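So the structure is just underneath, and the comments pick up after that.
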Amino acid sequence: YQRRVHGGPVRDLVDTFLTVDPAERLGSGPGGYDDIRNHAFFSGIEWSKLQDANNVTLQNRNYTKEWREYLLADEEVVFTSIVLKKRKLLSVKQRQLILTSLPRLFYVDKKSGGIKGHIPWSKDMWAEAVNETKWVLHAEDRDWDFECFFQEEGQTSELWVRKVNSMVKN
C-alpha cells in the first residue's frame with residue numbers, strides 16, 4: 001500500500017484548517033468566510049450563483065409533486081424509478097414503479113400515462129437483490145421480477161430492497 005500525497009491547493013487547504021492555533025486557522029481571521037471562499041482550492045466556484053444551482057438528486061427529488069395525479073389524499077412517494085418489469089418467459093415492460101407512504105406499490109406506463117397495475121401490499125412480503133440491477137419482490141400470490149433501468153445516480157437493486165423492506169417492517 002502506498003499512501004497518495006496531494007500537494008498544492010488541496011494540501012494547503014487541509015493544512016490551514018488543521019493549524020493547531022485556532023487564531024491562525026483559515027477562516028478565523030478578520031476575513032472570516034471570505035478567506036475560505038478565496039482560497040485557491042475553491043477557485044472557479046461562483047459563490048454568488050451557488051444557491052441557484054440545481055442540486056436535485058435521486059435521493060432528494062420531490063417525487064410526490066411529480067406523481068401527485070396518481071396518489072391518494074395525504075399519500076407521499078417514498079421512492080420511485082424506472083424499472084423493467086418482467087414476467088417469466090412472457091414479456092418485459094418498462095414501467096415507473098412507485099412506492100408510497102400508505103404503503104402502496106404500483107406501476108405506471110409513462111407513455112400512456114396510466115396506472116398499469118398494483119402489487120398487493122402485505123406484512124409478509126419481502127424484497128431481495130439478485131445482483132446490482134435485478135431484484136425480486138416476494139408477495140403473497142407471486143414473485144415480481146424487476147431490473148433497474150438506470151444504474152447512474154445510485155439506482156441499484158439494493159436501494160429498492162432497502163426501501164421496500166423498511167416499509168414492510170413499519
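In the C-alpha cells, chains take letters A, B, ... by order of appearance, with residues numbered from 1 within each chain and ligands from 1 in the order shown.
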Any chance you could list, as a CSV table (one decimal) with N, CA, C and O atoms, in the first residue's frame, the residues in chain A that come up strand (DSSP E or B) when DSSP is run on the backbone?
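Final output, saved to result.csv:
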```
chain,number,residue,atom,x,y,z
A,77,VAL,N,-44.8,10.0,-2.0
A,77,VAL,CA,-44.0,9.0,-2.6
A,77,VAL,C,-42.7,8.8,-1.8
A,77,VAL,O,-42.1,9.8,-1.4
A,78,VAL,N,-42.4,7.6,-1.4
A,78,VAL,CA,-41.2,7.2,-0.7
A,78,VAL,C,-40.1,7.1,-1.6
A,78,VAL,O,-39.0,7.6,-1.4
A,79,PHE,N,-40.3,6.4,-2.7
A,79,PHE,CA,-39.3,6.2,-3.7
A,79,PHE,C,-39.9,5.8,-5.0
A,79,PHE,O,-41.0,5.2,-5.0
A,80,THR,N,-39.2,6.1,-6.1
A,80,THR,CA,-39.7,5.7,-7.5
A,80,THR,C,-38.5,5.7,-8.4
A,80,THR,O,-37.6,6.5,-8.3
A,81,SER,N,-38.6,4.9,-9.4
A,81,SER,CA,-37.7,4.9,-10.5
A,81,SER,C,-38.2,4.0,-11.7
A,81,SER,O,-39.2,3.3,-11.5
A,82,ILE,N,-37.6,4.2,-12.8
A,82,ILE,CA,-38.0,3.4,-13.9
A,82,ILE,C,-37.3,2.0,-13.8
A,82,ILE,O,-36.2,1.9,-13.4
A,83,VAL,N,-38.2,1.0,-13.9
A,83,VAL,CA,-37.7,-0.4,-13.8
A,83,VAL,C,-38.2,-1.2,-15.0
A,83,VAL,O,-39.1,-0.8,-15.7
A,84,LEU,N,-37.5,-2.3,-15.3
A,84,LEU,CA,-38.0,-3.3,-16.2
A,84,LEU,C,-38.8,-4.3,-15.4
A,84,LEU,O,-38.3,-4.9,-14.5
A,85,LYS,N,-40.1,-4.4,-15.7
A,85,LYS,CA,-41.0,-5.4,-15.0
A,85,LYS,C,-41.0,-6.6,-15.9
A,85,LYS,O,-41.4,-6.6,-17.1
A,86,LYS,N,-40.6,-7.8,-15.3
A,86,LYS,CA,-40.5,-9.0,-16.1
A,86,LYS,C,-41.6,-10.0,-15.7
A,86,LYS,O,-41.8,-10.2,-14.5
A,87,ARG,N,-42.2,-10.7,-16.7
A,87,ARG,CA,-43.0,-11.8,-16.4
A,87,ARG,C,-42.2,-13.0,-17.0
A,87,ARG,O,-41.8,-12.9,-18.2
A,91,SER,N,-43.0,-11.4,-21.0
A,91,SER,CA,-42.8,-10.1,-21.5
A,91,SER,C,-41.9,-9.3,-20.6
A,91,SER,O,-41.7,-9.6,-19.4
A,92,VAL,N,-41.4,-8.2,-21.1
A,92,VAL,CA,-40.6,-7.3,-20.4
A,92,VAL,C,-41.1,-5.9,-20.7
A,92,VAL,O,-41.2,-5.5,-21.8
A,93,LYS,N,-41.6,-5.2,-19.7
A,93,LYS,CA,-42.2,-3.8,-19.8
A,93,LYS,C,-41.4,-2.8,-19.0
A,93,LYS,O,-41.0,-3.1,-17.9
A,94,GLN,N,-41.2,-1.6,-19.6
A,94,GLN,CA,-40.6,-0.5,-18.9
A,94,GLN,C,-41.7,0.2,-18.2
A,94,GLN,O,-42.6,0.6,-18.8
A,95,ARG,N,-41.5,0.3,-16.8
A,95,ARG,CA,-42.6,1.0,-16.0
A,95,ARG,C,-41.9,1.9,-15.0
A,95,ARG,O,-40.8,1.7,-14.5
A,96,GLN,N,-42.7,2.8,-14.5
A,96,GLN,CA,-42.3,3.7,-13.4
A,96,GLN,C,-42.9,3.0,-12.2
A,96,GLN,O,-44.1,2.9,-12.0
A,97,LEU,N,-42.1,2.5,-11.3
A,97,LEU,CA,-42.5,1.8,-10.1
A,97,LEU,C,-42.5,2.8,-9.0
A,97,LEU,O,-41.6,3.6,-8.8
A,98,ILE,N,-43.6,2.9,-8.3
A,98,ILE,CA,-43.8,3.9,-7.2
A,98,ILE,C,-44.2,3.3,-5.9
A,98,ILE,O,-45.2,2.5,-5.8
A,99,LEU,N,-43.4,3.6,-4.9
A,99,LEU,CA,-43.6,3.1,-3.5
A,99,LEU,C,-44.1,4.3,-2.7
A,99,LEU,O,-43.4,5.4,-2.7
A,100,THR,N,-45.2,4.2,-2.0
A,100,THR,CA,-45.8,5.3,-1.3
A,100,THR,C,-45.8,5.1,0.2
A,100,THR,O,-45.6,4.0,0.7
A,104,ARG,N,-48.1,1.6,-0.4
A,104,ARG,CA,-48.7,1.1,-1.6
A,104,ARG,C,-47.6,1.0,-2.7
A,104,ARG,O,-46.7,1.9,-2.7
A,105,LEU,N,-47.7,0.1,-3.5
A,105,LEU,CA,-46.7,-0.1,-4.6
A,105,LEU,C,-47.5,-0.4,-5.9
A,105,LEU,O,-48.3,-1.3,-6.0
A,106,PHE,N,-47.2,0.5,-6.9
A,106,PHE,CA,-47.9,0.4,-8.2
A,106,PHE,C,-47.0,0.8,-9.3
A,106,PHE,O,-45.9,1.4,-9.0
A,107,TYR,N,-47.4,0.5,-10.5
A,107,TYR,CA,-46.5,0.9,-11.6
A,107,TYR,C,-47.3,1.6,-12.7
A,107,TYR,O,-48.5,1.3,-12.9
A,108,VAL,N,-46.7,2.5,-13.3
A,108,VAL,CA,-47.3,3.4,-14.3
A,108,VAL,C,-46.6,3.3,-15.6
A,108,VAL,O,-45.3,3.1,-15.7
A,109,ASP,N,-47.3,3.4,-16.7
A,109,ASP,CA,-46.7,3.4,-18.1
A,109,ASP,C,-46.6,4.9,-18.4
A,109,ASP,O,-47.6,5.6,-18.5
A,114,GLY,N,-51.0,6.0,-17.7
A,114,GLY,CA,-52.0,5.4,-16.7
A,114,GLY,C,-51.3,4.3,-15.8
A,114,GLY,O,-50.3,3.8,-16.1
A,115,ILE,N,-52.0,4.1,-14.7
A,115,ILE,CA,-51.6,3.0,-13.8
A,115,ILE,C,-51.8,1.7,-14.5
A,115,ILE,O,-52.9,1.4,-14.9
A,116,LYS,N,-50.8,0.9,-14.5
A,116,LYS,CA,-50.9,-0.4,-15.2
A,116,LYS,C,-51.1,-1.6,-14.3
A,116,LYS,O,-51.5,-2.6,-14.7
A,117,GLY,N,-50.8,-1.3,-13.0
A,117,GLY,CA,-51.1,-2.4,-12.0
A,117,GLY,C,-50.6,-2.0,-10.6
A,117,GLY,O,-49.9,-1.1,-10.4
A,118,HIS,N,-51.1,-2.8,-9.7
A,118,HIS,CA,-50.8,-2.7,-8.3
A,118,HIS,C,-50.2,-4.0,-7.8
A,118,HIS,O,-50.6,-5.0,-8.2
A,119,ILE,N,-49.3,-3.9,-6.9
A,119,ILE,CA,-48.7,-5.1,-6.2
A,119,ILE,C,-49.4,-5.1,-4.8
A,119,ILE,O,-49.2,-4.1,-4.0
A,126,TRP,N,-41.5,-9.4,1.0
A,126,TRP,CA,-40.1,-9.0,1.2
A,126,TRP,C,-39.4,-9.0,-0.1
A,126,TRP,O,-39.8,-9.6,-1.1
A,127,ALA,N,-38.4,-8.1,-0.1
A,127,ALA,CA,-37.6,-8.0,-1.4
A,127,ALA,C,-36.2,-8.5,-1.2
A,127,ALA,O,-35.6,-8.4,-0.1
A,128,GLU,N,-35.6,-9.0,-2.2
A,128,GLU,CA,-34.2,-9.4,-2.2
A,128,GLU,C,-33.5,-9.0,-3.5
A,128,GLU,O,-34.1,-9.1,-4.5
A,129,ALA,N,-32.2,-8.6,-3.3
A,129,ALA,CA,-31.4,-8.3,-4.5
A,129,ALA,C,-30.9,-9.6,-5.1
A,129,ALA,O,-30.4,-10.4,-4.4
A,134,LYS,N,-30.8,-6.3,-10.6
A,134,LYS,CA,-32.0,-7.2,-10.6
A,134,LYS,C,-32.4,-7.4,-9.1
A,134,LYS,O,-31.6,-7.7,-8.3
A,135,TRP,N,-33.7,-7.4,-8.9
A,135,TRP,CA,-34.3,-7.7,-7.6
A,135,TRP,C,-35.6,-8.4,-7.7
A,135,TRP,O,-36.3,-8.2,-8.7
A,136,VAL,N,-36.0,-9.1,-6.7
A,136,VAL,CA,-37.3,-9.8,-6.7
A,136,VAL,C,-38.1,-9.4,-5.5
A,136,VAL,O,-37.6,-9.2,-4.4
A,137,LEU,N,-39.4,-9.1,-5.7
A,137,LEU,CA,-40.3,-8.8,-4.6
A,137,LEU,C,-41.2,-10.1,-4.4
A,137,LEU,O,-41.9,-10.5,-5.3
A,138,HIS,N,-41.1,-10.7,-3.3
A,138,HIS,CA,-41.8,-11.9,-2.9
A,138,HIS,C,-43.1,-11.4,-2.2
A,138,HIS,O,-43.1,-10.9,-1.1
A,143,ASP,N,-44.1,-14.0,-7.2
A,143,ASP,CA,-42.8,-13.2,-7.1
A,143,ASP,C,-42.8,-12.3,-8.3
A,143,ASP,O,-43.1,-12.6,-9.4
A,144,TRP,N,-42.4,-11.0,-8.0
A,144,TRP,CA,-42.3,-10.0,-9.0
A,144,TRP,C,-40.8,-9.7,-9.4
A,144,TRP,O,-40.0,-9.4,-8.5
A,145,ASP,N,-40.4,-9.9,-10.6
A,145,ASP,CA,-39.0,-9.7,-11.0
A,145,ASP,C,-38.9,-8.3,-11.6
A,145,ASP,O,-39.6,-7.9,-12.6
A,146,PHE,N,-37.9,-7.5,-11.1
A,146,PHE,CA,-37.6,-6.2,-11.6
A,146,PHE,C,-36.1,-6.1,-11.9
A,146,PHE,O,-35.3,-6.7,-11.3
A,147,GLU,N,-35.9,-5.1,-12.8
A,147,GLU,CA,-34.5,-4.7,-13.1
A,147,GLU,C,-34.4,-3.2,-13.2
A,147,GLU,O,-35.3,-2.6,-13.8
A,148,CYS,N,-33.5,-2.6,-12.5
A,148,CYS,CA,-33.3,-1.2,-12.5
A,148,CYS,C,-32.9,-0.8,-13.9
A,148,CYS,O,-32.0,-1.3,-14.5
```
Using only C-alpha atoms, find the one residue out of A:Leu89, A:Ala73, A:Leu159, A:Leu13 that sits nearest to Ala40 (chain A).
-> A:Leu13
Rounded to one decimal place, report the CA of Leu72 (chain A)-CA of Trp121 (chain A) distance in Å.
-> 15.4 Å
Could you pull out the residues in chain A that DSSP calls helix (DSSP H, G or I) from the backbone, as a PyMOL selection string?
-> chain A and resi 8-17+22-24+33-37+40-42+47-52+63-66+68-70+152-154+157-169
Would you put the residues from that selection into a file with C-alpha atoms, as a short mmCIF file (atom, residue, chain, number, x, y, z; two decimals), in the first residue's frame?
```cif
data_model
loop_
_atom_site.label_atom_id
_atom_site.label_comp_id
_atom_site.auth_asym_id
_atom_site.auth_seq_id
_atom_site.Cartn_x
_atom_site.Cartn_y
_atom_site.Cartn_z
CA GLY A 8 -0.85 22.37 -3.99
CA PRO A 9 -4.22 23.83 -3.04
CA VAL A 10 -5.58 20.59 -1.56
CA ARG A 11 -2.69 20.17 0.84
CA ASP A 12 -2.66 23.86 1.71
CA LEU A 13 -6.41 23.88 2.47
CA VAL A 14 -6.14 20.87 4.77
CA ASP A 15 -3.04 22.21 6.48
CA THR A 16 -4.62 25.62 7.12
CA PHE A 17 -7.78 24.03 8.59
CA PRO A 22 -7.26 28.41 16.34
CA ALA A 23 -6.43 32.07 15.73
CA GLU A 24 -4.25 31.09 12.76
CA TYR A 33 -15.56 33.06 5.49
CA ASP A 34 -14.26 35.20 2.66
CA ASP A 35 -10.76 33.88 3.36
CA ILE A 36 -12.08 30.36 2.89
CA ARG A 37 -14.02 31.22 -0.25
CA ALA A 40 -7.06 28.57 -4.31
CA PHE A 41 -8.83 25.24 -3.74
CA PHE A 42 -12.19 26.93 -4.41
CA TRP A 47 -20.27 31.68 -4.87
CA SER A 48 -22.97 34.16 -5.83
CA LYS A 49 -24.59 31.56 -8.11
CA LEU A 50 -24.14 28.55 -5.85
CA GLN A 51 -27.59 28.69 -4.27
CA ASP A 52 -29.19 28.93 -7.69
CA TYR A 63 -41.41 12.70 -6.25
CA THR A 64 -44.70 13.43 -4.51
CA LYS A 65 -45.17 16.59 -6.56
CA GLU A 66 -44.04 14.79 -9.72
CA ARG A 68 -49.39 13.72 -7.49
CA GLU A 69 -52.02 12.75 -10.07
CA TYR A 70 -51.60 9.05 -9.17
CA GLU A 152 -26.49 6.04 -12.72
CA GLU A 153 -27.42 8.15 -9.70
CA GLY A 154 -27.27 5.09 -7.44
CA SER A 157 -31.45 -3.14 -6.71
CA GLU A 158 -30.12 -2.77 -3.16
CA LEU A 159 -31.73 0.67 -2.84
CA TRP A 160 -35.15 -0.73 -3.82
CA VAL A 161 -34.68 -3.69 -1.46
CA ARG A 162 -33.89 -1.37 1.48
CA LYS A 163 -36.84 0.93 0.73
CA VAL A 164 -39.40 -1.86 0.36
CA ASN A 165 -38.20 -3.92 3.32
CA SER A 166 -38.12 -0.88 5.61
CA MET A 167 -41.74 -0.07 4.69
CA VAL A 168 -42.81 -3.67 5.39
CA LYS A 169 -41.22 -3.53 8.86
#
```
Pick from A:Trp67, A:Leu90, A:Glu75, A:Met125: nearest to Gly113 (chain A), with only C-alpha atoms counted?
-> A:Trp67
